[in-house]
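Step one of this worksheet: look at the structure below.
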Amino acid sequence: MESFEVKTRQRTEFVEITDRVRQILQGNGIRDGICVVYCPHTTAALTINENADPDVVHDMLSWLNRSIPQQQPDFRHGEGNSDAHIKSSLVGASVTLLVENGDFVLGRWQGVYFCEFDGPRTRRVHVQCLGK
Amino acid sequence: MESFEVKTRQRTEFVEITDRVRQILQGNGIRDGICVVYCPHTTAALTINENADPDVVHDMLSWLNRSIPQQQPDFRHGEGNSDAHIKSSLVGASVTLLVENGDFVLGRWQGVYFCEFDGPRTRRVHVQCLGK
Amino acid sequence: MESFEVKTRQRTEFVEITDRVRQILQGNGIRDGICVVYCPHTTAALTINENADPDVVHDMLSWLNRSIPQQQPDFRHGEGNSDAHIKSSLVGASVTLLVENGDFVLGRWQGVYFCEFDGPRTRRVHVQCLGK
């Protein structure tokens with residue numbers, strides 16, 4: 001398993017990490033298998049989505065922040081970041097990538113994103129590759 | 001890794017692919033392990049849900065389409081399919097199935113669905129099995 | 001693959017299962033790899049989130065139940081649990097944990113939860129570990 005750091009700069013933000021995950025895969029020597037990318041934080045997540053037009057990420061964050069507002073009348077958690085915990089479980093703590101010929105099998109528009117929901121913070125991402 | 005094609009016929013639609021994924025597993029010879037099913041598109045997704053009563057899929061799509069409408073005032077992405085990108089990240093780009101005795105360990109009502117959110121289109125699904 | 005039972009006591013409830021999954025890992029002898037935890041039910045799910053303050057789970061369930069109400073005008077499924085099927089697909093049927101030195105690589109606040117959305121019921125959880 002290997003890890004790297006992601007520094008986020010806003011409360012909610014998607015940071016593309018595809019190249020950093022690819023570096024770990026390529027240092028690993030796995031040619032055929034899978035690669036699990038894991039977020040060890042409960043107010044952040046990982047997802048795969050379009051990395052061509054930044055407006056896509058804008059619109060995704062816009063819907064998430066409008067549909068899951070930070071303050072809600074019946075929220076009890078004292079830290080005021082329950083929205084981030086909800087977003088984290090909906091988007092998910094890990095993504096699994098397929099590996100063939102030593103590289104990821106990504107669709108033409110796909111990139112891997114670290115999803116910050118309670119930043120800015122310094123975060124970690126773990127990567128575990130399996131196969132041969 | 002192996003792949004197959006899914007043709008969708010509506011803008012939003014769930015197409016069951018359990019049998020096609022099982023065919024790949026069985027051609028593979030893996031008896032015990034996992035099978036990752038992967039969607040290489042950013043406006044579609046994969047999920048596991050009930051395959052007995054088609055009304056379940058109707059109700060799931062109904063909630064998704066009502067809660068994440070195609071047009072929203074602050075959306076910027078020019079292609080008009082930001083809702084599909086959001087649905088894709090919420091439902092997820094892959095599902096992981098368990099394999100035992102050469103078959104999937106699915107619950108009684110579970111099937112694997114390709115979730116189209118910006119069709120109709122011709123799509124691909126990738127399958128990678130790991131184990132022995 | 002190994003399994004265990006979870007008894008839930010409310011219609012919607014998160015039950016922490018981290019220790020029970022860890023017991024399976026440790027009986028397994030895998031030191032380095034991944035562990036897939038799988039929910040074979042279509043009205044329940046699995047997630048990773050904070051296990052320190054129980055108010056976080058309260059707030060997550062509160063948002064889920066308010067945003068995905070049990071009764072909705074256009075729902076057709078006769079069992080009256082379409083909301084549970086929707087929650088199941090949004091939260092997801094499995095979680096993948098990383099394994100290093102024979103234990104999970106969990107963040108400081110992370111626990112694994114069985115998410116009941118149509119209880120109370122007696123449920124099963126399957127665990128498959130891969131690696132060496």
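Numbering starts fresh at 1 for the residues of each chain in the structure tokens, the chains themselves are lettered A, B, ... in the order given, and ligands are numbered from 1 as they appear.
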Next item on the list: Could you list the residues in chain B lying within 6 Å of chain C, using only C-alpha atoms, and format the result as a ChimeraX atom specification?
Entry: /B:49-50,55-56,59-60,90-91,106-107
Fit target chain A, mobile chain B, all Cα in order, as a CSV table (one decimal) with N, CA and C atoms, in the first residue's frame:
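So the final result, stored in selection.csv, reads:
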```
chain,number,residue,atom,x,y,z
B,1,MET,N,0.8,-1.2,0.0
B,1,MET,CA,0.0,0.0,0.0
B,1,MET,C,0.9,1.3,0.0
B,2,GLU,N,0.5,2.2,-0.8
B,2,GLU,CA,1.2,3.5,-0.8
B,2,GLU,C,0.2,4.7,-0.6
B,3,SER,N,0.7,5.8,-0.2
B,3,SER,CA,-0.2,6.9,0.2
B,3,SER,C,0.4,8.2,-0.4
B,4,PHE,N,-0.4,9.2,-0.5
B,4,PHE,CA,0.0,10.6,-0.8
B,4,PHE,C,-0.9,11.6,-0.2
B,5,GLU,N,-0.4,12.8,-0.2
B,5,GLU,CA,-1.1,13.9,0.5
B,5,GLU,C,-1.9,14.8,-0.5
B,6,VAL,N,-3.0,15.3,-0.1
B,6,VAL,CA,-3.8,16.2,-1.0
B,6,VAL,C,-4.1,17.4,-0.1
B,7,LYS,N,-3.7,18.6,-0.5
B,7,LYS,CA,-4.0,19.8,0.2
B,7,LYS,C,-5.2,20.5,-0.5
B,8,THR,N,-6.3,20.7,0.3
B,8,THR,CA,-7.5,21.3,-0.3
B,8,THR,C,-7.6,22.8,0.1
B,9,ARG,N,-8.2,23.6,-0.7
B,9,ARG,CA,-8.2,25.0,-0.4
B,9,ARG,C,-9.6,25.7,-0.2
B,10,GLN,N,-10.6,24.9,-0.3
B,10,GLN,CA,-12.0,25.4,-0.1
B,10,GLN,C,-12.8,24.4,0.8
B,11,ARG,N,-13.9,24.9,1.3
B,11,ARG,CA,-14.7,24.0,2.1
B,11,ARG,C,-15.2,22.7,1.3
B,12,THR,N,-15.7,23.0,0.1
B,12,THR,CA,-16.0,21.9,-0.8
B,12,THR,C,-15.3,22.1,-2.2
B,13,GLU,N,-14.7,21.0,-2.6
B,13,GLU,CA,-13.8,21.1,-3.8
B,13,GLU,C,-13.4,19.7,-4.3
B,14,PHE,N,-13.4,19.5,-5.6
B,14,PHE,CA,-12.9,18.3,-6.2
B,14,PHE,C,-11.5,18.5,-6.7
B,15,VAL,N,-10.5,17.7,-6.3
B,15,VAL,CA,-9.1,17.8,-6.7
B,15,VAL,C,-8.8,16.6,-7.6
B,16,GLU,N,-8.4,16.7,-8.8
B,16,GLU,CA,-8.1,15.6,-9.6
B,16,GLU,C,-6.8,14.9,-9.2
B,17,ILE,N,-6.8,13.6,-9.0
B,17,ILE,CA,-5.6,12.9,-8.5
B,17,ILE,C,-5.2,11.7,-9.5
B,18,THR,N,-5.8,11.7,-10.7
B,18,THR,CA,-5.5,10.6,-11.6
B,18,THR,C,-4.0,10.3,-11.8
B,19,ASP,N,-3.3,11.3,-12.1
B,19,ASP,CA,-1.8,11.1,-12.4
B,19,ASP,C,-1.1,10.7,-11.1
B,20,ARG,N,-1.4,11.1,-10.0
B,20,ARG,CA,-0.7,10.7,-8.8
B,20,ARG,C,-1.0,9.2,-8.5
B,21,VAL,N,-2.2,8.8,-8.7
B,21,VAL,CA,-2.6,7.4,-8.5
B,21,VAL,C,-1.9,6.5,-9.6
B,22,ARG,N,-1.8,7.0,-10.8
B,22,ARG,CA,-1.1,6.3,-11.9
B,22,ARG,C,0.4,6.1,-11.6
B,23,GLN,N,1.0,7.1,-11.0
B,23,GLN,CA,2.4,7.0,-10.6
B,23,GLN,C,2.6,5.9,-9.6
B,24,ILE,N,1.7,5.7,-8.7
B,24,ILE,CA,1.8,4.6,-7.8
B,24,ILE,C,1.7,3.3,-8.5
B,25,LEU,N,0.7,3.2,-9.3
B,25,LEU,CA,0.5,1.9,-10.1
B,25,LEU,C,1.8,1.6,-10.9
B,26,GLN,N,2.3,2.6,-11.5
B,26,GLN,CA,3.5,2.3,-12.4
B,26,GLN,C,4.7,1.9,-11.6
B,27,GLY,N,4.9,2.5,-10.4
B,27,GLY,CA,6.0,2.1,-9.6
B,27,GLY,C,5.8,0.7,-9.0
B,28,ASN,N,4.6,0.1,-9.1
B,28,ASN,CA,4.2,-1.1,-8.5
B,28,ASN,C,4.5,-2.3,-9.3
B,29,GLY,N,4.5,-2.1,-10.7
B,29,GLY,CA,4.7,-3.2,-11.6
B,29,GLY,C,3.6,-4.1,-11.9
B,30,ILE,N,2.4,-3.8,-11.3
B,30,ILE,CA,1.2,-4.6,-11.7
B,30,ILE,C,0.7,-4.3,-13.1
B,31,ARG,N,0.6,-5.4,-13.9
B,31,ARG,CA,0.2,-5.2,-15.3
B,31,ARG,C,-1.3,-5.5,-15.6
B,32,ASP,N,-1.9,-6.3,-14.7
B,32,ASP,CA,-3.2,-6.8,-15.0
B,32,ASP,C,-3.9,-7.0,-13.6
B,33,GLY,N,-4.9,-6.3,-13.3
B,33,GLY,CA,-5.6,-6.5,-12.0
B,33,GLY,C,-6.5,-5.3,-11.7
B,34,ILE,N,-6.5,-4.9,-10.4
B,34,ILE,CA,-7.3,-3.8,-10.0
B,34,ILE,C,-6.5,-2.9,-9.1
B,35,CYS,N,-7.0,-1.7,-8.9
B,35,CYS,CA,-6.3,-0.7,-8.0
B,35,CYS,C,-7.4,-0.1,-7.2
B,36,VAL,N,-7.3,-0.2,-5.9
B,36,VAL,CA,-8.3,0.4,-5.0
B,36,VAL,C,-7.7,1.7,-4.4
B,37,VAL,N,-8.4,2.8,-4.6
B,37,VAL,CA,-8.0,4.1,-4.1
B,37,VAL,C,-8.9,4.4,-2.9
B,38,TYR,N,-8.3,4.7,-1.8
B,38,TYR,CA,-9.1,4.8,-0.5
B,38,TYR,C,-8.9,6.1,0.2
B,39,CYS,N,-10.0,6.7,0.7
B,39,CYS,CA,-10.0,7.9,1.4
B,39,CYS,C,-10.2,7.6,2.9
B,40,PRO,N,-9.3,7.9,3.8
B,40,PRO,CA,-9.4,7.5,5.2
B,40,PRO,C,-10.1,8.6,6.0
B,41,HIS,N,-10.8,9.5,5.4
B,41,HIS,CA,-11.5,10.6,6.1
B,41,HIS,C,-13.0,10.4,6.0
B,42,THR,N,-13.7,10.9,7.0
B,42,THR,CA,-15.2,10.7,7.0
B,42,THR,C,-16.0,12.0,6.6
B,43,THR,N,-15.2,13.0,6.2
B,43,THR,CA,-15.9,14.2,5.6
B,43,THR,C,-15.3,14.5,4.2
B,44,ALA,N,-14.9,13.5,3.5
B,44,ALA,CA,-14.3,13.6,2.2
B,44,ALA,C,-14.7,12.3,1.5
B,45,ALA,N,-14.4,12.2,0.2
B,45,ALA,CA,-14.8,11.0,-0.6
B,45,ALA,C,-13.9,10.9,-1.8
B,46,LEU,N,-14.1,9.9,-2.6
B,46,LEU,CA,-13.5,9.7,-3.9
B,46,LEU,C,-14.5,9.4,-5.0
B,47,THR,N,-14.3,10.0,-6.2
B,47,THR,CA,-15.2,9.6,-7.2
B,47,THR,C,-14.5,9.6,-8.6
B,48,ILE,N,-15.1,9.1,-9.6
B,48,ILE,CA,-14.7,9.1,-10.9
B,48,ILE,C,-15.7,9.9,-11.7
B,49,ASN,N,-15.2,10.9,-12.4
B,49,ASN,CA,-16.1,11.7,-13.3
B,49,ASN,C,-15.4,12.5,-14.3
B,50,GLU,N,-16.1,13.3,-15.1
B,50,GLU,CA,-15.4,14.0,-16.2
B,50,GLU,C,-14.3,15.0,-15.8
B,51,ASN,N,-13.2,14.9,-16.5
B,51,ASN,CA,-12.1,15.8,-16.2
B,51,ASN,C,-11.8,16.7,-17.4
B,52,ALA,N,-12.7,16.9,-18.3
B,52,ALA,CA,-12.5,17.8,-19.5
B,52,ALA,C,-13.0,19.2,-19.2
B,53,ASP,N,-14.3,19.3,-18.9
B,53,ASP,CA,-14.9,20.7,-18.6
B,53,ASP,C,-15.0,20.9,-17.1
B,54,PRO,N,-14.3,21.9,-16.6
B,54,PRO,CA,-14.4,22.1,-15.1
B,54,PRO,C,-15.8,22.5,-14.7
B,55,ASP,N,-16.7,22.9,-15.6
B,55,ASP,CA,-18.1,23.2,-15.3
B,55,ASP,C,-18.8,22.0,-14.7
B,56,VAL,N,-18.4,20.8,-15.1
B,56,VAL,CA,-19.1,19.6,-14.6
B,56,VAL,C,-18.9,19.5,-13.1
B,57,VAL,N,-17.7,19.7,-12.7
B,57,VAL,CA,-17.4,19.7,-11.2
B,57,VAL,C,-18.2,20.8,-10.5
B,58,HIS,N,-18.2,22.0,-11.1
B,58,HIS,CA,-19.0,23.1,-10.6
B,58,HIS,C,-20.4,22.7,-10.3
B,59,ASP,N,-21.0,22.1,-11.3
B,59,ASP,CA,-22.4,21.7,-11.3
B,59,ASP,C,-22.7,20.6,-10.3
B,60,MET,N,-21.7,19.6,-10.2
B,60,MET,CA,-21.9,18.6,-9.2
B,60,MET,C,-21.8,19.1,-7.8
B,61,LEU,N,-20.9,20.0,-7.5
B,61,LEU,CA,-20.8,20.6,-6.2
B,61,LEU,C,-22.0,21.5,-5.9
B,62,SER,N,-22.5,22.2,-6.9
B,62,SER,CA,-23.6,23.0,-6.7
B,62,SER,C,-24.8,22.2,-6.3
B,63,TRP,N,-25.1,21.1,-7.0
B,63,TRP,CA,-26.2,20.2,-6.6
B,63,TRP,C,-26.0,19.7,-5.1
B,64,LEU,N,-24.8,19.2,-4.9
B,64,LEU,CA,-24.5,18.6,-3.6
B,64,LEU,C,-24.7,19.6,-2.4
B,65,ASN,N,-24.2,20.8,-2.7
B,65,ASN,CA,-24.3,21.8,-1.6
B,65,ASN,C,-25.7,22.4,-1.4
B,66,ARG,N,-26.5,22.4,-2.5
B,66,ARG,CA,-27.9,22.9,-2.4
B,66,ARG,C,-28.8,21.8,-1.8
B,67,SER,N,-28.5,20.5,-2.1
B,67,SER,CA,-29.4,19.4,-1.7
B,67,SER,C,-29.0,19.0,-0.3
B,68,ILE,N,-27.8,19.2,0.1
B,68,ILE,CA,-27.4,18.8,1.5
B,68,ILE,C,-26.7,20.0,2.1
B,69,PRO,N,-27.6,21.0,2.6
B,69,PRO,CA,-27.0,22.2,3.2
B,69,PRO,C,-26.3,21.9,4.5
B,70,GLN,N,-25.4,22.8,4.8
B,70,GLN,CA,-24.6,22.6,6.0
B,70,GLN,C,-25.4,22.7,7.3
B,71,GLN,N,-26.3,23.6,7.3
B,71,GLN,CA,-27.2,23.7,8.5
B,71,GLN,C,-28.6,23.1,8.2
B,72,GLN,N,-29.0,22.3,9.1
B,72,GLN,CA,-30.4,21.8,9.0
B,72,GLN,C,-31.0,21.7,10.3
B,73,PRO,N,-32.3,22.0,10.5
B,73,PRO,CA,-32.9,22.2,11.8
B,73,PRO,C,-32.7,21.0,12.8
B,74,ASP,N,-32.8,19.8,12.3
B,74,ASP,CA,-32.7,18.7,13.2
B,74,ASP,C,-31.3,18.1,13.3
B,75,PHE,N,-30.3,18.7,12.8
B,75,PHE,CA,-28.9,18.2,12.9
B,75,PHE,C,-28.5,18.4,14.4
B,76,ARG,N,-27.8,17.4,14.9
B,76,ARG,CA,-27.4,17.4,16.3
B,76,ARG,C,-25.8,17.5,16.5
B,77,HIS,N,-25.1,17.0,15.5
B,77,HIS,CA,-23.6,16.9,15.6
B,77,HIS,C,-23.0,18.2,15.8
B,78,GLY,N,-22.3,18.4,16.9
B,78,GLY,CA,-21.8,19.7,17.3
B,78,GLY,C,-20.8,20.4,16.4
B,79,GLU,N,-20.1,19.6,15.6
B,79,GLU,CA,-19.0,20.2,14.7
B,79,GLU,C,-19.6,20.9,13.5
B,80,GLY,N,-20.9,20.8,13.3
B,80,GLY,CA,-21.4,21.6,12.2
B,80,GLY,C,-21.0,21.1,10.8
B,81,ASN,N,-20.6,19.9,10.7
B,81,ASN,CA,-20.2,19.3,9.4
B,81,ASN,C,-20.9,18.0,9.0
B,82,SER,N,-22.1,17.9,9.5
B,82,SER,CA,-22.9,16.7,9.2
B,82,SER,C,-23.1,16.6,7.7
B,83,ASP,N,-23.3,17.7,7.0
B,83,ASP,CA,-23.5,17.6,5.6
B,83,ASP,C,-22.3,16.9,4.9
B,84,ALA,N,-21.1,17.2,5.4
B,84,ALA,CA,-19.9,16.6,4.8
B,84,ALA,C,-19.9,15.1,5.1
B,85,HIS,N,-20.4,14.6,6.2
B,85,HIS,CA,-20.4,13.2,6.5
B,85,HIS,C,-21.5,12.5,5.5
B,86,ILE,N,-22.6,13.2,5.3
B,86,ILE,CA,-23.6,12.6,4.4
B,86,ILE,C,-23.0,12.5,3.0
B,87,LYS,N,-22.4,13.6,2.5
B,87,LYS,CA,-21.8,13.6,1.2
B,87,LYS,C,-20.8,12.5,1.0
B,88,SER,N,-20.0,12.3,2.1
B,88,SER,CA,-19.0,11.3,2.1
B,88,SER,C,-19.6,9.9,1.9
B,89,SER,N,-20.7,9.6,2.6
B,89,SER,CA,-21.3,8.2,2.4
B,89,SER,C,-22.0,8.1,1.1
B,90,LEU,N,-22.5,9.2,0.5
B,90,LEU,CA,-23.2,9.1,-0.8
B,90,LEU,C,-22.2,8.9,-1.9
B,91,VAL,N,-21.1,9.6,-1.9
B,91,VAL,CA,-20.2,9.6,-2.9
B,91,VAL,C,-19.3,8.3,-2.7
B,92,GLY,N,-18.9,8.0,-1.5
B,92,GLY,CA,-18.2,6.8,-1.2
B,92,GLY,C,-16.7,7.0,-0.9
B,93,ALA,N,-16.2,6.1,0.0
B,93,ALA,CA,-14.9,6.2,0.5
B,93,ALA,C,-13.8,5.6,-0.4
B,94,SER,N,-14.2,4.9,-1.5
B,94,SER,CA,-13.2,4.4,-2.3
B,94,SER,C,-13.7,4.3,-3.8
B,95,VAL,N,-12.7,4.2,-4.7
B,95,VAL,CA,-13.0,3.8,-6.1
B,95,VAL,C,-12.1,2.7,-6.5
B,96,THR,N,-12.6,1.8,-7.3
B,96,THR,CA,-11.8,0.7,-7.8
B,96,THR,C,-11.6,0.8,-9.3
B,97,LEU,N,-10.3,0.9,-9.7
B,97,LEU,CA,-10.0,1.0,-11.1
B,97,LEU,C,-9.5,-0.3,-11.6
B,98,LEU,N,-9.8,-0.5,-12.9
B,98,LEU,CA,-9.3,-1.8,-13.6
B,98,LEU,C,-7.9,-1.5,-14.2
B,99,VAL,N,-7.0,-2.5,-14.2
B,99,VAL,CA,-5.7,-2.3,-14.7
B,99,VAL,C,-5.5,-3.3,-15.8
B,100,GLU,N,-5.0,-2.9,-17.0
B,100,GLU,CA,-4.7,-3.8,-18.1
B,100,GLU,C,-3.4,-3.2,-18.8
B,101,ASN,N,-2.5,-4.1,-19.1
B,101,ASN,CA,-1.2,-3.6,-19.8
B,101,ASN,C,-0.5,-2.5,-18.9
B,102,GLY,N,-0.6,-2.6,-17.6
B,102,GLY,CA,0.1,-1.7,-16.8
B,102,GLY,C,-0.5,-0.3,-16.6
B,103,ASP,N,-1.7,-0.1,-17.2
B,103,ASP,CA,-2.3,1.2,-17.0
B,103,ASP,C,-3.8,1.1,-16.7
B,104,PHE,N,-4.4,2.1,-16.2
B,104,PHE,CA,-5.8,2.1,-15.9
B,104,PHE,C,-6.7,2.0,-17.2
B,105,VAL,N,-7.8,1.3,-17.0
B,105,VAL,CA,-8.8,1.3,-18.1
B,105,VAL,C,-9.8,2.3,-17.8
B,106,LEU,N,-9.5,3.6,-18.1
B,106,LEU,CA,-10.4,4.7,-17.9
B,106,LEU,C,-11.2,5.0,-19.2
B,107,GLY,N,-12.4,5.4,-19.0
B,107,GLY,CA,-13.1,6.0,-20.2
B,107,GLY,C,-12.4,7.3,-20.7
B,108,ARG,N,-12.8,7.7,-21.9
B,108,ARG,CA,-12.1,8.8,-22.5
B,108,ARG,C,-12.2,10.1,-21.7
B,109,TRP,N,-13.3,10.3,-20.9
B,109,TRP,CA,-13.5,11.5,-20.2
B,109,TRP,C,-13.3,11.3,-18.6
B,110,GLN,N,-12.9,10.1,-18.2
B,110,GLN,CA,-12.9,9.8,-16.8
B,110,GLN,C,-11.6,10.2,-16.1
B,111,GLY,N,-11.7,10.9,-15.0
B,111,GLY,CA,-10.6,11.1,-14.1
B,111,GLY,C,-11.0,10.8,-12.7
B,112,VAL,N,-10.0,10.6,-11.8
B,112,VAL,CA,-10.3,10.2,-10.4
B,112,VAL,C,-10.2,11.5,-9.6
B,113,TYR,N,-11.2,11.8,-8.8
B,113,TYR,CA,-11.2,13.0,-8.0
B,113,TYR,C,-11.2,12.7,-6.5
B,114,PHE,N,-10.4,13.5,-5.7
B,114,PHE,CA,-10.6,13.6,-4.3
B,114,PHE,C,-11.6,14.6,-4.0
B,115,CYS,N,-12.7,14.3,-3.3
B,115,CYS,CA,-13.8,15.2,-3.0
B,115,CYS,C,-13.7,15.7,-1.6
B,116,GLU,N,-13.4,16.9,-1.5
B,116,GLU,CA,-13.3,17.6,-0.1
B,116,GLU,C,-14.7,18.2,0.2
B,117,PHE,N,-15.2,17.8,1.4
B,117,PHE,CA,-16.5,18.3,1.8
B,117,PHE,C,-16.4,19.1,3.1
B,118,ASP,N,-15.2,19.2,3.7
B,118,ASP,CA,-15.1,20.0,4.9
B,118,ASP,C,-13.7,20.6,5.1
B,119,GLY,N,-13.3,21.2,4.0
B,119,GLY,CA,-11.9,21.8,3.9
B,119,GLY,C,-12.0,23.3,4.3
B,120,PRO,N,-10.8,24.0,4.1
B,120,PRO,CA,-9.6,23.4,3.6
B,120,PRO,C,-8.8,22.6,4.7
B,121,ARG,N,-8.2,21.5,4.2
B,121,ARG,CA,-7.5,20.6,5.1
B,121,ARG,C,-6.4,19.9,4.3
B,122,THR,N,-5.5,19.3,5.0
B,122,THR,CA,-4.5,18.4,4.4
B,122,THR,C,-5.0,17.0,4.6
B,123,ARG,N,-5.1,16.3,3.5
B,123,ARG,CA,-5.7,15.0,3.5
B,123,ARG,C,-4.8,13.9,3.0
B,124,ARG,N,-5.1,12.6,3.2
B,124,ARG,CA,-4.3,11.5,2.7
B,124,ARG,C,-5.2,10.7,1.8
B,125,VAL,N,-4.5,10.0,0.8
B,125,VAL,CA,-5.2,9.1,-0.1
B,125,VAL,C,-4.3,7.8,-0.1
B,126,HIS,N,-4.9,6.6,0.1
B,126,HIS,CA,-4.2,5.4,0.1
B,126,HIS,C,-4.5,4.6,-1.2
B,127,VAL,N,-3.5,3.9,-1.7
B,127,VAL,CA,-3.7,3.1,-3.0
B,127,VAL,C,-3.1,1.7,-2.8
B,128,GLN,N,-4.0,0.7,-3.1
B,128,GLN,CA,-3.6,-0.7,-3.0
B,128,GLN,C,-3.8,-1.3,-4.4
B,129,CYS,N,-2.8,-1.9,-5.0
B,129,CYS,CA,-3.0,-2.5,-6.3
B,129,CYS,C,-2.9,-4.1,-6.1
B,130,LEU,N,-3.7,-4.8,-6.8
B,130,LEU,CA,-3.7,-6.3,-6.7
B,130,LEU,C,-3.7,-6.8,-8.1
B,131,GLY,N,-3.0,-7.9,-8.3
B,131,GLY,CA,-2.9,-8.5,-9.7
B,131,GLY,C,-1.5,-9.1,-9.9
B,132,LYS,N,-1.2,-9.1,-11.2
B,132,LYS,CA,0.2,-9.6,-11.5
B,132,LYS,C,0.9,-8.8,-12.5
```
Next item on the list: Return as a PyMOL selection string the full set of residues in chain A whose backbone-based DSSP assignment is strand (DSSP E).
Entry: chain A and resi 2-7+13-16+33-38+44-50+94-100+103-104+110-116+122-131
Note to self: Among segment 22-96 of chain B, which ones does DSSP assign to alpha helix (DSSP H) (computed from the backbone)? Answer as a PyMOL selection string.
What the structure shows: chain B and resi 22-28+54-67+82-91
What does the file look like for those residues with C-alpha atoms, as an mmCIF file, in the first residue's frame?
```cif
data_model
loop_
_atom_site.group_PDB
_atom_site.id
_atom_site.type_symbol
_atom_site.label_atom_id
_atom_site.label_comp_id
_atom_site.auth_asym_id
_atom_site.auth_seq_id
_atom_site.Cartn_x
_atom_site.Cartn_y
_atom_site.Cartn_z
ATOM 1 C CA ARG B 22 -21.918 -14.147 -15.223
ATOM 2 C CA GLN B 23 -20.971 -15.407 -18.699
ATOM 3 C CA ILE B 24 -17.641 -13.593 -18.424
ATOM 4 C CA LEU B 25 -17.011 -14.994 -14.955
ATOM 5 C CA GLN B 26 -17.742 -18.527 -16.106
ATOM 6 C CA GLY B 27 -15.505 -18.236 -19.169
ATOM 7 C CA ASN B 28 -12.781 -17.084 -16.802
ATOM 8 C CA PRO B 54 -39.832 -3.680 -12.440
ATOM 9 C CA ASP B 55 -41.723 -1.069 -10.388
ATOM 10 C CA VAL B 56 -38.672 -0.840 -8.122
ATOM 11 C CA VAL B 57 -36.565 0.470 -11.008
ATOM 12 C CA HIS B 58 -39.422 2.814 -11.990
ATOM 13 C CA ASP B 59 -39.488 4.271 -8.480
ATOM 14 C CA MET B 60 -35.693 4.607 -8.286
ATOM 15 C CA LEU B 61 -35.559 6.493 -11.594
ATOM 16 C CA SER B 62 -38.541 8.581 -10.547
ATOM 17 C CA TRP B 63 -36.781 9.767 -7.369
ATOM 18 C CA LEU B 64 -33.465 10.339 -9.174
ATOM 19 C CA ASN B 65 -35.066 12.381 -11.949
ATOM 20 C CA ARG B 66 -37.189 14.453 -9.579
ATOM 21 C CA SER B 67 -34.376 15.124 -7.086
ATOM 22 C CA SER B 82 -24.930 17.795 -15.568
ATOM 23 C CA ASP B 83 -27.722 15.860 -13.861
ATOM 24 C CA ALA B 84 -26.345 12.692 -15.468
ATOM 25 C CA HIS B 85 -22.828 13.391 -14.134
ATOM 26 C CA ILE B 86 -24.240 13.898 -10.630
ATOM 27 C CA LYS B 87 -26.289 10.681 -10.780
ATOM 28 C CA SER B 88 -23.193 8.864 -12.057
ATOM 29 C CA SER B 89 -21.089 9.864 -9.029
ATOM 30 C CA LEU B 90 -23.887 9.152 -6.530
ATOM 31 C CA VAL B 91 -24.662 5.680 -7.867
#
```
